[in-house]
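Structure data (CSV, C-alpha atoms) from start_17.csv:
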chain,number,residue,atom,x,y,z
P,1,MET,CA,-44.9,-27.6,24.4
P,2,ARG,CA,-46.5,-29.7,27.1
P,3,LYS,CA,-50.0,-29.0,28.4
P,4,ARG,CA,-51.2,-29.8,31.8
P,5,THR,CA,-54.8,-29.6,32.9
P,6,PHE,CA,-55.8,-29.9,36.6
P,7,SER,CA,-59.3,-30.3,37.8
P,8,ALA,CA,-60.5,-28.8,41.1
P,9,SER,CA,-60.0,-32.1,42.8
P,10,VAL,CA,-56.2,-32.2,42.2
P,11,PRO,CA,-54.3,-31.9,45.5
P,12,LYS,CA,-52.3,-28.7,46.3
P,13,ASN,CA,-49.0,-30.6,46.0
P,14,ARG,CA,-49.2,-31.0,42.3
P,15,CYS,CA,-45.8,-31.5,40.6
P,16,PHE,CA,-44.3,-28.8,38.4
P,17,SER,CA,-41.1,-28.9,36.5
P,18,LYS,CA,-38.3,-26.4,37.1
P,19,ASP,CA,-39.1,-25.1,33.6
P,20,LYS,CA,-41.1,-21.9,33.1
P,21,ASN,CA,-44.8,-22.3,33.5
P,22,VAL,CA,-47.5,-20.1,32.0
P,23,ALA,CA,-50.9,-20.3,33.5
P,24,VAL,CA,-54.0,-20.1,31.4
P,25,TYR,CA,-56.9,-19.1,33.6
P,26,ALA,CA,-60.4,-19.6,32.1
P,27,MET,CA,-63.7,-18.8,33.8
P,28,ILE,CA,-67.2,-18.7,32.4
P,29,ASP,CA,-70.5,-17.5,33.9
P,30,SER,CA,-72.3,-20.7,33.0
P,31,ASP,CA,-71.7,-24.5,33.2
P,32,ASP,CA,-71.3,-24.6,29.4
P,33,THR,CA,-68.3,-26.8,29.0
P,34,TYR,CA,-68.1,-26.0,25.3
P,35,MET,CA,-67.6,-22.3,26.0
P,36,LEU,CA,-65.0,-23.1,28.7
P,37,LYS,CA,-63.1,-25.3,26.3
P,38,ALA,CA,-63.2,-22.6,23.7
P,39,GLN,CA,-61.8,-20.1,26.1
P,40,ILE,CA,-59.0,-22.5,27.1
P,41,HIS,CA,-58.3,-23.1,23.4
P,42,GLU,CA,-58.1,-19.4,22.6
P,43,LEU,CA,-55.7,-18.7,25.5
P,44,SER,CA,-53.5,-21.8,24.8
P,45,SER,CA,-53.4,-20.8,21.1
P,46,TYR,CA,-52.1,-17.4,22.1
P,47,VAL,CA,-49.3,-19.0,24.2
P,48,SER,CA,-48.4,-21.4,21.3
P,49,ALA,CA,-48.3,-18.5,18.8
P,50,HIS,CA,-45.9,-16.3,20.8
P,51,PRO,CA,-42.1,-17.0,20.7
P,52,ASP,CA,-41.8,-15.5,24.3
P,53,PHE,CA,-43.3,-18.8,25.5
P,54,GLU,CA,-41.3,-21.2,23.4
P,55,GLY,CA,-40.4,-24.2,25.7
P,56,TRP,CA,-42.7,-23.1,28.5
P,57,ASN,CA,-45.3,-25.4,30.0
P,58,ILE,CA,-49.0,-24.4,29.8
P,59,VAL,CA,-50.8,-25.0,33.1
P,60,ILE,CA,-54.6,-24.8,32.8
P,61,TYR,CA,-56.8,-23.5,35.6
P,62,GLN,CA,-60.6,-23.4,35.0
P,63,ASP,CA,-63.6,-22.4,37.0
P,64,SER,CA,-67.2,-22.3,35.9
P,65,ASP,CA,-70.4,-20.8,37.2
P,66,SER,CA,-71.2,-23.7,39.5
P,67,PHE,CA,-68.5,-22.5,41.8
P,68,SER,CA,-68.5,-18.8,41.1
P,69,LYS,CA,-72.2,-18.3,42.0
P,70,ALA,CA,-71.2,-19.4,45.5
P,71,GLY,CA,-68.3,-16.9,45.5
P,72,VAL,CA,-65.8,-19.7,45.4
P,73,ARG,CA,-63.3,-20.2,42.6
P,74,PRO,CA,-61.1,-23.1,43.7
P,75,GLN,CA,-58.9,-22.9,40.6
P,76,LEU,CA,-58.2,-19.2,41.0
P,77,GLU,CA,-57.3,-19.8,44.6
P,78,GLN,CA,-55.0,-22.6,43.5
P,79,LEU,CA,-53.4,-20.4,40.9
P,80,ILE,CA,-52.7,-17.7,43.5
P,81,SER,CA,-51.2,-20.4,45.7
P,82,ASP,CA,-49.0,-21.7,42.9
P,83,ILE,CA,-47.9,-18.1,42.1
P,84,ARG,CA,-46.9,-17.6,45.8
P,85,ASP,CA,-45.0,-21.0,45.6
P,86,GLY,CA,-43.0,-19.7,42.6
P,87,LYS,CA,-44.5,-22.2,40.2
P,88,ILE,CA,-46.0,-19.8,37.8
P,89,GLN,CA,-44.2,-17.0,35.9
P,90,CYS,CA,-47.0,-15.7,33.7
P,91,VAL,CA,-50.8,-15.7,33.8
P,92,ILE,CA,-52.9,-15.2,30.7
P,93,VAL,CA,-56.7,-14.4,30.9
P,94,LYS,CA,-59.3,-13.6,28.3
P,95,ASN,CA,-60.1,-10.3,30.1
P,96,LEU,CA,-59.4,-8.8,33.5
P,97,SER,CA,-62.9,-9.6,34.7
P,98,ARG,CA,-61.9,-13.3,34.8
P,99,ILE,CA,-59.7,-12.4,37.8
P,100,SER,CA,-62.2,-10.1,39.4
P,101,ARG,CA,-65.1,-7.9,38.4
P,102,ASP,CA,-64.6,-5.8,41.6
P,103,VAL,CA,-62.0,-3.1,41.0
P,104,VAL,CA,-60.7,-3.1,44.6
P,105,SER,CA,-60.1,-6.9,44.4
P,106,LEU,CA,-58.4,-6.5,41.0
P,107,ILE,CA,-56.1,-3.9,42.4
P,108,PHE,CA,-55.4,-6.1,45.3
P,109,TYR,CA,-54.4,-9.1,43.1
P,110,ILE,CA,-52.2,-6.9,40.9
P,111,GLU,CA,-50.4,-5.1,43.8
P,112,ASN,CA,-50.2,-8.0,46.2
P,113,ILE,CA,-49.8,-11.1,43.9
P,114,PHE,CA,-48.7,-10.3,40.4
P,115,PHE,CA,-46.2,-7.4,41.0
P,116,PRO,CA,-44.5,-8.7,44.2
P,117,TYR,CA,-44.0,-12.2,42.8
P,118,LYS,CA,-42.9,-10.8,39.5
P,119,VAL,CA,-45.6,-12.6,37.6
P,120,ARG,CA,-46.4,-11.3,34.1
P,121,LEU,CA,-50.1,-10.7,33.5
P,122,ILE,CA,-51.6,-10.8,30.0
P,123,SER,CA,-55.2,-10.0,29.2
P,124,LEU,CA,-56.2,-10.6,25.6
P,125,THR,CA,-59.4,-8.4,25.4
P,126,GLU,CA,-57.7,-5.4,27.0
P,127,ASN,CA,-54.5,-6.0,25.1
P,128,LEU,CA,-52.6,-5.7,28.4
P,129,ASP,CA,-49.2,-7.1,29.1
P,130,THR,CA,-47.6,-6.1,32.4
P,131,SER,CA,-44.1,-6.7,31.0
P,132,ASP,CA,-44.5,-3.3,29.3
P,133,PRO,CA,-44.1,-0.5,31.9
P,134,ASP,CA,-46.2,1.9,29.8
P,135,ILE,CA,-49.0,-0.7,29.8
P,136,VAL,CA,-48.8,-0.9,33.6
P,137,THR,CA,-49.3,2.9,33.9
P,138,MET,CA,-52.2,2.7,31.5
P,139,LEU,CA,-53.7,-0.1,33.6
P,140,TYR,CA,-53.6,2.0,36.7
P,141,ASP,CA,-55.1,4.9,34.9
P,142,HIS,CA,-57.9,2.6,33.6
P,143,ILE,CA,-58.6,1.2,37.0
P,144,LYS,CA,-58.6,4.6,38.6
P,145,ALA,CA,-61.1,5.9,36.0
P,146,ILE,CA,-63.4,2.9,36.7
P,147,ALA,CA,-63.2,3.5,40.4
P,148,GLU,CA,-64.0,7.2,40.0
P,149,ARG,CA,-67.1,6.4,37.9
P,150,LYS,CA,-68.4,4.0,40.6
P,151,GLN,CA,-68.3,6.7,43.3
P,152,PRO,CA,-71.6,8.3,44.2

Structure re-expressed in structure tokens:
Amino acid sequence: MRKRTFSASVPKNRCFSKDKNVAVYAMIDSDDTYMLKAQIHELSSYVSAHPDFEGWNIVIYQDSDSFSKAGVRPQLEQLISDIRDGKIQCVIVKNLSRISRDVVSLIFYIENIFFPYKVRLISLTENLDTSDPDIVTMLYDHIKAIAERKQP
């Protein structure tokens, strides 16, 4: 399995093969590169251990606190762009909060990016895999419960 890592400075026209690509998206709340590398290792190990991804390319996207404090996550934006361009078929995250901590934004990503582009989403902490229709129903129930708790 080939691994590709792209920094935030890589141009948008990065070259992907016609093979299947699984994105590993890591984001941490600090500038601790050790923690970021540990998260990437955990996610990449998950991909390597699952026969579903045999022969797939791992494409690594990573953002750290230095960007997220300003509300900018260039690698998440690049990941979304690559999904829209058909370059990514699956995204794996440690937990859903890596995509968004805001429930409305999370629902937006799921309904407007992952589902329409038929991109599988796997979250390790929540044990979520959108390739399972029962999990998708559970996901919506979970998000709805969170949204209802946040209402005044």

Distance query Asn95 (chain P) at most 8 Å, all atoms listed in the file, self and fewer than 6 positions along chain excluded, as a ChimeraX atom specification: /P:123-126

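Nearest to Phe114 (chain P) of all the residues P:Asp141, P:Asp29, P:Asp134, P:Asp82 is P:Asp82, based on only C-alpha atoms.
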
If you count only C-alpha atoms, the residue of P:Gln89, P:Asn112, P:Ser81, P:Gln62 closest to Met35 (chain P) turns out to be P:Gln62

From the list P:His142, P:Lys118, P:Arg101, P:Lys94, which residue is nearest Leu43 (chain P) when using only C-alpha atoms? P:Lys94

Using all atoms listed in the file, find the one residue out of P:Ser64, P:Gly86, P:Arg98, P:Ile92 that sits nearest to Tyr34 (chain P). P:Ser64

Which residue, P:Asn21, P:Ser30, P:Gln75, P:Ser105, has the smallest gap to Glu54 (chain P) when you use all atoms listed in the file? P:Asn21

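Put simply, CA of Ile110 (chain P) is 19.8 Å away from CA of Val59 (chain P).
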
Within-10 Å shell of (-53.0, -20.5, 40.3) in input frame, only C-alpha atoms, as a ChimeraX atom specification: /P:22-25,59-62,74-85,87-88,91

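Residue nearest Cys90 (chain P), chosen from P:Lys37, P:Arg73, P:Leu106, P:Ile58 and counting only C-alpha atoms: P:Ile58.
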
Contact residues around Tyr140 (chain P) with only C-alpha atoms at 12 Å, ignoring same-chain residues under 4 positions, as a ChimeraX atom specification: /P:103-104,106-108,110-111,128,130,133-136,144-147
